>>> print(open('start_37.txt').read())   # compact mmCIF, C-alpha atoms
# COMPACT_ATOMS: atom_id res chain seq x y z
CA MET A 1 0.00 0.00 0.00
CA LYS A 2 2.82 2.35 0.87
CA LYS A 3 4.45 1.88 -2.58
CA SER A 4 1.18 2.62 -4.38
CA VAL A 5 0.80 5.90 -2.49
CA GLN A 6 4.37 6.83 -3.41
CA ALA A 7 3.66 5.97 -7.06
CA ILE A 8 0.53 8.15 -7.06
CA VAL A 9 2.40 11.06 -5.47
CA LEU A 10 5.23 10.67 -8.02
CA ALA A 11 2.78 10.53 -10.94
CA ALA A 12 0.88 13.58 -9.66
CA SER A 13 4.07 15.56 -9.23
CA LEU A 14 5.17 14.69 -12.77
CA CYS A 15 1.82 15.83 -14.13
CA LEU A 16 2.12 19.11 -12.27
CA THR A 17 5.68 19.82 -13.43
CA THR A 18 5.39 18.75 -17.07
CA PRO A 19 3.50 21.88 -18.27
CA ALA A 20 6.01 24.12 -16.48
CA MET A 21 8.92 22.29 -18.13
CA ALA A 22 7.23 22.58 -21.54
CA GLN A 23 6.65 26.28 -20.93
CA ARG A 24 10.34 26.77 -20.06
CA ASP A 25 11.32 25.03 -23.30
CA GLU A 26 9.03 27.25 -25.38
CA THR A 27 10.27 30.31 -23.54
CA ALA A 28 13.89 29.34 -24.23
CA ASP A 29 13.03 28.70 -27.90
CA ARG A 30 11.28 32.06 -28.19
CA ALA A 31 14.32 33.78 -26.67
CA ALA A 32 16.65 31.97 -29.08
CA ILE A 33 14.46 32.89 -32.07
CA HIS A 34 14.29 36.50 -30.90
CA GLU A 35 18.09 36.52 -30.72
CA LEU A 36 18.27 35.12 -34.28
CA LEU A 37 15.96 37.88 -35.55
CA MET A 38 18.07 40.50 -33.77
CA ASP A 39 21.31 38.93 -35.05
CA TYR A 40 20.04 39.59 -38.57
CA GLY A 41 20.16 43.32 -37.86
CA ARG A 42 23.29 43.19 -35.70
CA THR A 43 25.34 41.40 -38.35
CA LEU A 44 24.24 43.78 -41.11
CA ASP A 45 24.74 46.87 -38.95
CA ALA A 46 28.27 45.65 -38.11
CA ARG A 47 28.89 44.71 -41.77
CA ASP A 48 29.63 41.16 -40.57
CA PHE A 49 28.60 39.45 -43.81
CA GLU A 50 30.12 36.09 -42.89
CA GLY A 51 28.16 36.12 -39.64
CA PHE A 52 25.08 37.07 -41.66
CA SER A 53 25.49 33.96 -43.86
CA ASP A 54 25.83 31.80 -40.73
CA LEU A 55 22.27 32.72 -39.71
CA PHE A 56 20.92 30.56 -42.56
CA THR A 57 20.78 26.80 -43.02
CA GLU A 58 23.01 25.27 -45.71
CA ASP A 59 19.93 24.72 -47.88
CA GLY A 60 18.18 27.92 -46.78
CA ASN A 61 17.58 31.09 -48.73
CA TYR A 62 17.30 34.84 -48.31
CA ASN A 63 14.88 36.35 -50.83
CA GLY A 64 15.85 33.55 -53.23
CA THR A 65 19.63 33.80 -52.67
CA PRO A 66 21.10 30.58 -51.20
CA GLY A 67 21.86 31.04 -47.48
CA PRO A 68 25.63 30.43 -47.78
CA GLU A 69 25.80 33.13 -50.50
CA ALA A 70 23.58 35.66 -48.70
CA GLY A 71 26.48 37.39 -46.92
CA GLU A 72 28.38 38.08 -50.13
CA MET A 73 25.19 39.29 -51.82
CA MET A 74 24.58 41.71 -48.93
CA ARG A 75 28.22 42.86 -49.05
CA GLN A 76 27.62 43.88 -52.67
CA VAL A 77 24.30 45.56 -51.83
CA PHE A 78 25.91 47.62 -49.06
CA ALA A 79 28.94 48.48 -51.26
CA ALA A 80 26.67 49.73 -54.07
CA ASN A 81 24.67 51.82 -51.55
CA ALA A 82 21.88 52.47 -54.07
CA SER A 83 19.79 54.19 -51.37
CA GLY A 84 22.59 56.63 -50.53
CA ALA A 85 22.41 55.72 -46.85
CA ARG A 86 24.77 57.62 -44.59
CA GLU A 87 26.55 55.86 -41.74
CA PRO A 88 26.13 54.81 -39.10
CA ASN A 89 22.82 53.13 -39.86
CA TYR A 90 20.86 50.61 -37.82
CA HIS A 91 17.93 48.23 -37.91
CA VAL A 92 15.08 48.74 -35.42
CA PHE A 93 12.70 45.75 -35.15
CA PHE A 94 9.09 45.49 -33.99
CA ASN A 95 5.85 43.45 -34.24
CA GLU A 96 7.59 40.08 -33.86
CA VAL A 97 5.20 37.09 -33.95
CA VAL A 98 6.50 33.51 -33.68
CA THR A 99 4.36 30.41 -34.21
CA PHE A 100 5.71 26.92 -33.58
CA ASP A 101 5.04 24.24 -36.19
CA GLY A 102 6.72 21.48 -34.18
CA PRO A 103 9.59 21.06 -31.75
CA ASP A 104 12.22 22.11 -34.32
CA LYS A 105 10.19 24.24 -36.76
CA ALA A 106 8.58 27.64 -36.52
CA HIS A 107 7.56 30.54 -38.65
CA ALA A 108 7.73 34.22 -37.80
CA THR A 109 6.73 37.62 -39.05
CA SER A 110 8.26 40.91 -37.99
CA MET A 111 8.92 44.41 -39.23
CA SER A 112 11.80 46.86 -39.14
CA PHE A 113 12.94 50.33 -39.96
CA TRP A 114 16.42 50.94 -41.30
CA VAL A 115 17.45 54.14 -39.55
CA VAL A 116 20.10 56.58 -40.84
CA PRO A 117 21.45 59.88 -39.50
CA GLY A 118 19.44 62.87 -40.67
CA GLU A 119 19.68 66.60 -40.08
CA ASN A 120 21.50 67.42 -36.83
CA ASN A 121 22.33 63.70 -36.57
CA ARG A 122 18.73 62.83 -35.69
CA PRO A 123 17.70 59.27 -36.56
CA VAL A 124 15.55 59.10 -39.69
CA PRO A 125 13.85 55.94 -40.98
CA LEU A 126 15.11 55.30 -44.51
CA MET A 127 13.32 52.02 -45.31
CA MET A 128 10.73 49.75 -43.77
CA GLY A 129 10.92 45.97 -44.00
CA ALA A 130 8.30 43.27 -43.50
CA TYR A 131 9.77 39.80 -42.88
CA GLU A 132 8.30 36.33 -43.41
CA ASP A 133 10.50 33.59 -41.95
CA GLU A 134 10.64 29.82 -41.89
CA LEU A 135 12.85 28.77 -38.98
CA VAL A 136 14.39 25.42 -38.07
CA ARG A 137 16.54 24.13 -35.28
CA VAL A 138 19.84 22.70 -36.59
CA ALA A 139 22.24 21.05 -34.14
CA GLY A 140 20.42 22.78 -31.26
CA GLU A 141 20.53 26.26 -32.87
CA TRP A 142 17.66 28.15 -34.52
CA LYS A 143 18.40 29.30 -38.10
CA PHE A 144 16.59 30.80 -41.05
CA LYS A 145 15.41 28.18 -43.53
CA SER A 146 13.85 30.98 -45.53
CA ARG A 147 13.67 34.74 -45.06
CA LYS A 148 11.57 36.90 -47.36
CA VAL A 149 11.80 40.66 -47.03
CA ASN A 150 9.34 43.07 -48.57
CA SER A 151 9.12 46.83 -48.25
CA PRO A 152 5.59 47.93 -47.35
CA LEU A 153 6.64 51.50 -48.16
CA ASN A 154 8.65 52.58 -51.18
CA PRO A 155 12.14 53.74 -50.16
CA PRO A 156 13.21 57.23 -51.22
CA ALA A 157 15.66 57.63 -54.13
CA ALA A 158 18.46 58.76 -51.78
CA ALA A 159 18.90 59.37 -48.06
CA LYS A 160 18.62 62.96 -46.95
>>> encode(input="start_37.txt", output="structure tokens")
Amino acid sequence: MKKSVQAIVLAASLCLTTPAMAQRDETADRAAIHELLMDYGRTLDARDFEGFSDLFTEDGNYNGTPGPEAGEMMRQVFAANASGAREPNYHVFFNEVVTFDGPDKAHATSMSFWVVPGENNRPVPLMMGAYEDELVRVAGEWKFKSRKVNSPLNPPAAAK
């Protein structure tokens, strides 16, 4: 009788702790995905194009460019500076929504402004981005399987 009471207590305690453990896992995954989304901006703002490529899976893509080639493509985009952006310039992110599609898959949407120095060095939004992401966990690390970026507003011809 004593062993059956212990078994019931053990089973009850496992039932009570399982949701909390699952919540901690989702919370940790959300934090890791948030860090990935922020690393996108951090690597570009630092002009760390190799680090930028590392955010993608080997078979992933960034607006159709293969993930491993995305850093070099962005290096060329920044070098051409078609928008005339002055430095320093930074990404500011908002409206992040993450939905899990399984233990190692998720999708996310978010938005950003690309901010440049304006008159009197005041920050001025130059472009706005809307992101659609497919995310996967690879070797314990969240990465972009696919990242699509659209501009909901047309960027100006040159930064002012």
>>> closest_residue(input="start_37.txt", among="A:Val77, A:Leu135, A:Leu44, A:Ala70", to="Thr109 in chain A", atoms="only C-alpha atoms")
A:Leu135
>>> closest_residue(input="start_37.txt", among="A:Val92, A:Val115, A:Met127, A:Ala106", to="Gly41 in chain A", atoms="all atoms listed in the file")
A:Val92
>>> residues_around(input="start_37.txt", residues="range 24-40 of chain A", least_positions_apart="3", cutoff="9 Å", atoms="all atoms listed in the file", output="JSON, numbers by chain")
{"A": [19, 20, 21, 43, 44, 45, 51, 52, 55, 91, 92, 93, 96, 98, 100, 103, 108, 110, 135, 141, 142, 143, 144]}
>>> atom_distance(input="start_37.txt", atom1="CA of Trp114 in chain A", atom2="CA of Phe94 in chain A")
11.7 Å
>>> closest_residue(input="start_37.txt", among="A:Val138, A:Asn121, A:Asp104, A:Ser146", to="Pro88 in chain A", atoms="only C-alpha atoms")
A:Asn121
>>> atom_distance(input="start_37.txt", atom1="CA of Ser151 in chain A", atom2="CA of Glu50 in chain A")
24.2 Å
>>> axis_aligned_box(input="start_37.txt", around="range 56-70 of chain A", padding_each_side="5 Å", output="JSON")
{"center_x": 20.3, "center_y": 30.5, "center_z": -47.9, "size_x": 20.9, "size_y": 21.6, "size_z": 20.7}
>>> closest_residue(input="start_37.txt", among="A:Arg42, A:Arg47, A:Lys148, A:Lys105", to="Ala79 in chain A", atoms="all atoms listed in the file")
A:Arg47
>>> closest_residue(input="start_37.txt", among="A:Ala46, A:Arg147, A:Pro66, A:Val136", to="Glu87 in chain A", atoms="all atoms listed in the file")
A:Ala46
>>> atom_distance(input="start_37.txt", atom1="CA of Arg137 in chain A", atom2="CA of Phe78 in chain A")
28.8 Å
>>> residues_around(input="start_37.txt", residues="Lys145 in chain A", least_positions_apart="3", cutoff="6 Å", atoms="only C-alpha atoms", output="PyMOL selection string")
chain A and resi 57+60+134-135
>>> residues_around(input="start_37.txt", residues="Ala130 in chain A", least_positions_apart="2", cutoff="7 Å", atoms="all atoms listed in the file", output="list in words")
Ser110, Met111, Ser112, Met128, Glu132, Val149, Asn150, Ser151 and Pro152 of chain A
>>> closest_residue(input="start_37.txt", among="A:Ala80, A:Leu153, A:Ala139, A:Ala85", to="Val124 in chain A", atoms="all atoms listed in the file")
A:Ala85
>>> build_atoms(input="start_37.txt", residues="range 29-62 of chain A", atoms="N, CA and C atoms", output="mmCIF file, in the frame of the given file")
data_model
loop_
_atom_site.group_PDB
_atom_site.id
_atom_site.type_symbol
_atom_site.label_atom_id
_atom_site.label_comp_id
_atom_site.auth_asym_id
_atom_site.auth_seq_id
_atom_site.Cartn_x
_atom_site.Cartn_y
_atom_site.Cartn_z
ATOM 1 N N ASP A 29 13.056 28.670 -26.427
ATOM 2 C CA ASP A 29 13.030 28.700 -27.900
ATOM 3 C C ASP A 29 12.648 30.091 -28.403
ATOM 4 N N ARG A 30 11.672 30.710 -27.769
ATOM 5 C CA ARG A 30 11.280 32.060 -28.190
ATOM 6 C C ARG A 30 12.439 33.042 -28.001
ATOM 7 N N ALA A 31 13.165 32.906 -26.904
ATOM 8 C CA ALA A 31 14.320 33.780 -26.670
ATOM 9 C C ALA A 31 15.396 33.543 -27.724
ATOM 10 N N ALA A 32 15.638 32.287 -28.073
ATOM 11 C CA ALA A 32 16.650 31.970 -29.080
ATOM 12 C C ALA A 32 16.236 32.490 -30.459
ATOM 13 N N ILE A 33 14.961 32.376 -30.785
ATOM 14 C CA ILE A 33 14.460 32.890 -32.070
ATOM 15 C C ILE A 33 14.533 34.414 -32.086
ATOM 16 N N HIS A 34 14.173 35.038 -30.986
ATOM 17 C CA HIS A 34 14.290 36.500 -30.900
ATOM 18 C C HIS A 34 15.747 36.919 -31.135
ATOM 19 N N GLU A 35 16.671 36.203 -30.527
ATOM 20 C CA GLU A 35 18.090 36.520 -30.720
ATOM 21 C C GLU A 35 18.489 36.351 -32.185
ATOM 22 N N LEU A 36 17.993 35.307 -32.852
ATOM 23 C CA LEU A 36 18.270 35.120 -34.280
ATOM 24 C C LEU A 36 17.758 36.309 -35.091
ATOM 25 N N LEU A 37 16.521 36.745 -34.824
ATOM 26 C CA LEU A 37 15.960 37.880 -35.550
ATOM 27 C C LEU A 37 16.774 39.152 -35.305
ATOM 28 N N MET A 38 17.238 39.330 -34.084
ATOM 29 C CA MET A 38 18.070 40.500 -33.770
ATOM 30 C C MET A 38 19.464 40.370 -34.377
ATOM 31 N N ASP A 39 19.990 39.141 -34.435
ATOM 32 C CA ASP A 39 21.310 38.930 -35.050
ATOM 33 C C ASP A 39 21.300 39.301 -36.526
ATOM 34 N N TYR A 40 20.174 39.155 -37.171
ATOM 35 C CA TYR A 40 20.040 39.590 -38.570
ATOM 36 C C TYR A 40 20.444 41.069 -38.662
ATOM 37 N N GLY A 41 19.838 41.897 -37.840
ATOM 38 C CA GLY A 41 20.160 43.320 -37.860
ATOM 39 C C GLY A 41 21.552 43.618 -37.355
ATOM 40 N N ARG A 42 21.952 42.945 -36.272
ATOM 41 C CA ARG A 42 23.290 43.190 -35.700
ATOM 42 C C ARG A 42 24.400 42.882 -36.700
ATOM 43 N N THR A 43 24.278 41.755 -37.408
ATOM 44 C CA THR A 43 25.340 41.400 -38.350
ATOM 45 C C THR A 43 25.381 42.384 -39.517
ATOM 46 N N LEU A 44 24.238 42.798 -40.016
ATOM 47 C CA LEU A 44 24.240 43.780 -41.110
ATOM 48 C C LEU A 44 24.748 45.135 -40.635
ATOM 49 N N ASP A 45 24.308 45.565 -39.468
ATOM 50 C CA ASP A 45 24.740 46.870 -38.950
ATOM 51 C C ASP A 45 26.248 46.899 -38.710
ATOM 52 N N ALA A 46 26.824 45.746 -38.344
ATOM 53 C CA ALA A 46 28.270 45.650 -38.110
ATOM 54 C C ALA A 46 29.031 45.311 -39.388
ATOM 55 N N ARG A 47 28.301 45.119 -40.481
ATOM 56 C CA ARG A 47 28.890 44.710 -41.770
ATOM 57 C C ARG A 47 29.645 43.393 -41.619
ATOM 58 N N ASP A 48 29.081 42.497 -40.790
ATOM 59 C CA ASP A 48 29.630 41.160 -40.570
ATOM 60 C C ASP A 48 28.904 40.208 -41.526
ATOM 61 N N PHE A 49 29.312 40.204 -42.782
ATOM 62 C CA PHE A 49 28.600 39.450 -43.810
ATOM 63 C C PHE A 49 28.793 37.949 -43.683
ATOM 64 N N GLU A 50 29.917 37.514 -43.154
ATOM 65 C CA GLU A 50 30.120 36.090 -42.890
ATOM 66 C C GLU A 50 29.176 35.630 -41.778
ATOM 67 N N GLY A 51 29.094 36.424 -40.722
ATOM 68 C CA GLY A 51 28.160 36.120 -39.640
ATOM 69 C C GLY A 51 26.727 36.111 -40.127
ATOM 70 N N PHE A 52 26.410 37.005 -41.064
ATOM 71 C CA PHE A 52 25.080 37.070 -41.660
ATOM 72 C C PHE A 52 24.758 35.745 -42.360
ATOM 73 N N SER A 53 25.696 35.237 -43.162
ATOM 74 C CA SER A 53 25.490 33.960 -43.860
ATOM 75 C C SER A 53 25.269 32.817 -42.884
ATOM 76 N N ASP A 54 25.940 32.868 -41.735
ATOM 77 C CA ASP A 54 25.830 31.800 -40.730
ATOM 78 C C ASP A 54 24.455 31.723 -40.091
ATOM 79 N N LEU A 55 23.620 32.728 -40.279
ATOM 80 C CA LEU A 55 22.270 32.720 -39.710
ATOM 81 C C LEU A 55 21.322 31.807 -40.489
ATOM 82 N N PHE A 56 21.768 31.355 -41.678
ATOM 83 C CA PHE A 56 20.920 30.560 -42.560
ATOM 84 C C PHE A 56 21.381 29.106 -42.584
ATOM 85 N N THR A 57 20.431 28.198 -42.841
ATOM 86 C CA THR A 57 20.780 26.800 -43.020
ATOM 87 C C THR A 57 21.547 26.642 -44.333
ATOM 88 N N GLU A 58 22.248 25.539 -44.472
ATOM 89 C CA GLU A 58 23.010 25.270 -45.710
ATOM 90 C C GLU A 58 22.106 25.250 -46.935
ATOM 91 N N ASP A 59 20.869 24.779 -46.754
ATOM 92 C CA ASP A 59 19.930 24.720 -47.880
ATOM 93 C C ASP A 59 18.887 25.831 -47.806
ATOM 94 N N GLY A 60 19.124 26.821 -46.948
ATOM 95 C CA GLY A 60 18.180 27.920 -46.780
ATOM 96 C C GLY A 60 18.334 28.979 -47.853
ATOM 97 N N ASN A 61 17.467 29.998 -47.766
ATOM 98 C CA ASN A 61 17.580 31.090 -48.730
ATOM 99 C C ASN A 61 17.115 32.402 -48.125
ATOM 100 N N TYR A 62 17.639 33.471 -48.700
ATOM 101 C CA TYR A 62 17.300 34.840 -48.310
ATOM 102 C C TYR A 62 16.790 35.538 -49.568
#
